[in-house]
Amino acid sequence: MAVVTGTQILVIGHDDVERLLPMDRCIEVMANTLASLSRGQAVNPLRAVVRLPNPPNMLGLMPAALSEPKIFGAKVISVFPGNRAAGLESHQGFVALFESDEGRPVALVDASAITGIRTAAVSAVATRALANPDAGDLTLLGSGTQARTHFEAMLAVRPIRRVRVWSPNPERLARFAVDEAERHGIEVVAMGSARLAVDGAEIVCTVTAAREPILEGSWLSAGSHLNAVGSSTPTTRELDAEAIGRARFFVDRRESTLAESGDFLAAVREGVVDESHIAGEIGEVLNGTVDGRRSADEVTLFKSLGLAVEDLAAAHEVLLRARKVGAGTSVGL
């Protein structure tokens with residue numbers, strides 16, 4: 001039997017990803033993916049993390065397989081938190097896509113752009129499902145890439161009227177407020193503290209690199225919705241236990257939350273909640289098997305950890321569009 005050699009893969013860079021994955025389209029792709037995951041139509045093992053000799057730097061491996069579209073692969077990404085101080089991306093790497101008929105690798109897609117867009121799109125899916133329909137007072141805690149993409153994502157799903165932002169980096173905070181106000185044509189007010197920024201907010205997105213809580217549950221207003229995004233390891237948290245305990249609590253995936261969410265695990269250790277506090281996965285809300293918001297005054301919280309199925313689905317969408325417009329660089333293996 002002859003052996004066929006010479007696989008071609010498409011390499012798609014950061015700028016092409018941002019051009020080919022508009023937020024509104026990514027939101028729909030993420031909604032379909034999360035609903036499929038909760039129906040058992042995808043495989044998403046827990047991520048593997050290699051702690052590097054120069055902490056807190058690490059290497060992450062996030063494999064997954066989807067039934068629709070029929071793809072599998074992994075995101076391979078380095079996390080170097082210190083890069084932020086130098087104006088560099090803290091998360092760098094690629095998403096490797098394989099097709100399911102013959103197991104051929106078909107694409108390598110820039111992971112930092114995929115992560116930035118799909119993470120915010122998932123928060124938008126949760127906000128669309130859980131926040132009050134007229135929620136328009138937005139607070140962003142953080143001023144990096146995820147703050148920028150979350151701003152755009154929230155505009156796509158709710159009638160945002162006011163935006164306040166806080167960050168522990170005053171210089172970057174001021175620059176973010178000016179740049180994003182100009183980009184979206186909405187006034188963005190830089191606040192002097194997280195508490196002042198959160199006061200009266202109807203939607204709150206925490207997108208920081210904090211290791212200890214920067215938001216207290218007592219600050220949250222009745223009827224607010226919170227997307228907690230920044231912490232994705234068992235030893236870091238953005239929220240205190242009261243924020244977890246007073247909210248109707250939703251997750252991207254139960255197994256990941258119980259193994260990786262520092263926000264939730266700390267609240268469990270402090271005796272505020274237990275596993276039964278998880279109301280459901282956001283995919284279950286989308287599928288109609290779990291109720292979302294039950295009243296206008298209820299506080300809802302979505303804990304996002306980031307899943308490989310999200311990366312693969314977003315990268316596949318980019319691949320389809322790249323093929324249509326001739327983007328990317330084909331490389332022979």
# chains A, B, ... in the order shown; residues from 1 in each chain; ligands from 1
call {"tool": "residues_around", "arguments": {"residues": "segment 227-236 of chain A", "least_positions_apart": "6", "cutoff": "6 Å", "atoms": "only C-alpha atoms", "output": "MDAnalysis selection string"}}
result
chainID A and resid 205:209 211 260:262 301:305
call {"tool": "closest_atom_pairs", "arguments": {"of": "segment 14-52 of chain A", "to": "segment 75-93 of chain A", "cutoff": "12 Å", "atoms": "only C-alpha atoms", "output": "tab-separated table"}}
result
residue	atom	partner	partner_atom	distance
A:His14	CA	A:Gln92	CA	10.5
A:Asn44	CA	A:Lys75	CA	11.7
A:Arg47	CA	A:Lys75	CA	9.5
A:Ala48	CA	A:Val76	CA	9.8
A:Val49	CA	A:Ser78	CA	9.6
A:Val50	CA	A:Ser78	CA	9.4
A:Arg51	CA	A:Val79	CA	9.8
A:Leu52	CA	A:Ser78	CA	9.7
call {"tool": "atom_distance", "arguments": {"atom1": "atom CA of Ala113 of chain A", "atom2": "atom CA of Val188 of chain A"}}
result
23.8 Å
call {"tool": "select_by_dssp", "arguments": {"residues": "segment 4-88 of chain A", "states": "strand (DSSP E or B)", "output": "NGL selection string"}}
result
:A and (8-12 or 42-43 or 48-51 or 58-66 or 71-79)
call {"tool": "closest_residue", "arguments": {"among": "A:Asn54, A:Leu320, A:Leu130, A:Ile71", "to": "Asp291 of chain A", "atoms": "only C-alpha atoms"}}
result
A:Leu130
call {"tool": "residues_around", "arguments": {"residues": "segment 17-23 of chain A", "least_positions_apart": "2", "cutoff": "10 Å", "atoms": "only C-alpha atoms", "output": "PyMOL selection string"}}
result
chain A and resi 12-15+25-29+109-114+116-118+120-121+124+149-150+152-153+156+314-315+317-322+325+327-328
call {"tool": "atom_distance", "arguments": {"atom1": "atom CA of Glu102 of chain A", "atom2": "atom CA of Ala35 of chain A"}}
result
26.6 Å
call {"tool": "atom_distance", "arguments": {"atom1": "atom CA of Ala210 of chain A", "atom2": "atom CA of Thr139 of chain A"}}
result
16.6 Å
call {"tool": "select_by_dssp", "arguments": {"residues": "segment 165-230 of chain A", "states": "helix (DSSP H, G or I)", "output": "PyMOL selection string"}}
result
chain A and resi 170-184+194-198+217-219
call {"tool": "closest_residue", "arguments": {"among": "A:Met191, A:Ile160, A:Ala174, A:Leu46", "to": "Leu258 of chain A", "atoms": "only C-alpha atoms"}}
result
A:Leu46
call {"tool": "closest_atom_pairs", "arguments": {"of": "segment 132-227 of chain A", "to": "segment 237-243 of chain A", "cutoff": "7 Å", "atoms": "only C-alpha atoms", "output": "JSON lines"}}
result
{"residue": "A:Ala210", "atom": "CA", "partner": "A:Glu238", "partner_atom": "CA", "distance": 5.8}
{"residue": "A:Arg211", "atom": "CA", "partner": "A:Arg237", "partner_atom": "CA", "distance": 5.3}
{"residue": "A:Glu212", "atom": "CA", "partner": "A:Arg237", "partner_atom": "CA", "distance": 5.3}
{"residue": "A:Pro213", "atom": "CA", "partner": "A:Glu238", "partner_atom": "CA", "distance": 4.1}
{"residue": "A:Ile214", "atom": "CA", "partner": "A:Glu238", "partner_atom": "CA", "distance": 5.3}
{"residue": "A:Leu215", "atom": "CA", "partner": "A:Leu239", "partner_atom": "CA", "distance": 5.1}
{"residue": "A:Glu216", "atom": "CA", "partner": "A:Asp240", "partner_atom": "CA", "distance": 5.3}
{"residue": "A:Gly217", "atom": "CA", "partner": "A:Ala243", "partner_atom": "CA", "distance": 3.5}
call {"tool": "write_last_selection", "arguments": {"atoms": "C-alpha atoms", "output": "PDB file, in the first residue's frame"}}
result
ATOM      1  CA  ALA A 210      -5.676  39.314  40.651  1.00  0.00           C
ATOM      2  CA  ARG A 211      -4.608  36.545  43.003  1.00  0.00           C
ATOM      3  CA  GLU A 212      -6.794  37.793  45.884  1.00  0.00           C
ATOM      4  CA  PRO A 213     -10.358  39.198  45.801  1.00  0.00           C
ATOM      5  CA  ILE A 214     -10.853  42.602  44.226  1.00  0.00           C
ATOM      6  CA  LEU A 215     -14.673  42.463  44.430  1.00  0.00           C
ATOM      7  CA  GLU A 216     -16.851  41.921  47.497  1.00  0.00           C
ATOM      8  CA  GLY A 217     -20.321  40.472  47.295  1.00  0.00           C
TER       9      GLY A 217
END
call {"tool": "residues_around", "arguments": {"residues": "Asp179 of chain A", "least_positions_apart": "6", "cutoff": "12 Å", "atoms": "only C-alpha atoms", "output": "count of residues only"}}
result
13
call {"tool": "closest_residue", "arguments": {"among": "A:Met154, A:Ala313, A:Ala42, A:Ala107", "to": "Arg128 of chain A", "atoms": "only C-alpha atoms"}}
result
A:Met154
call {"tool": "closest_residue", "arguments": {"among": "A:Ser167, A:Asn57, A:Ser221, A:Thr329", "to": "Ala296 of chain A", "atoms": "only C-alpha atoms"}}
result
A:Ser221
call {"tool": "closest_residue", "arguments": {"among": "A:Pro63, A:Asp297, A:Gly200, A:Val331", "to": "Thr7 of chain A", "atoms": "only C-alpha atoms"}}
result
A:Val331
call {"tool": "closest_residue", "arguments": {"among": "A:Leu97, A:Ala279, A:Ala31, A:Ala131", "to": "Met62 of chain A", "atoms": "only C-alpha atoms"}}
result
A:Leu97
call {"tool": "decode", "arguments": {"residues": "segment 41-62 of chain A", "atoms": "C-alpha atoms", "output": "compact mmCIF listing (two decimals), in the first residue's frame"}}
result
# COMPACT_ATOMS: atom_id res chain seq x y z
CA GLN A 41 -21.74 16.11 22.06
CA ALA A 42 -18.15 17.12 22.81
CA VAL A 43 -15.17 15.81 24.75
CA ASN A 44 -13.33 18.33 26.94
CA PRO A 45 -10.75 16.89 29.38
CA LEU A 46 -9.36 19.07 32.13
CA ARG A 47 -6.42 21.16 31.00
CA ALA A 48 -2.88 20.02 31.78
CA VAL A 49 -0.56 22.64 33.27
CA VAL A 50 3.23 22.49 33.39
CA ARG A 51 4.74 24.81 36.00
CA LEU A 52 7.93 26.22 34.53
CA PRO A 53 11.18 26.72 36.49
CA ASN A 54 10.62 30.50 36.51
CA PRO A 55 7.28 30.87 38.37
CA PRO A 56 4.55 31.92 38.00
CA ASN A 57 5.08 31.14 34.31
CA MET A 58 3.46 28.01 32.95
CA LEU A 59 2.58 26.00 29.85
CA GLY A 60 -1.01 24.91 29.30
CA LEU A 61 -2.35 22.12 27.11
CA MET A 62 -6.10 22.10 26.40
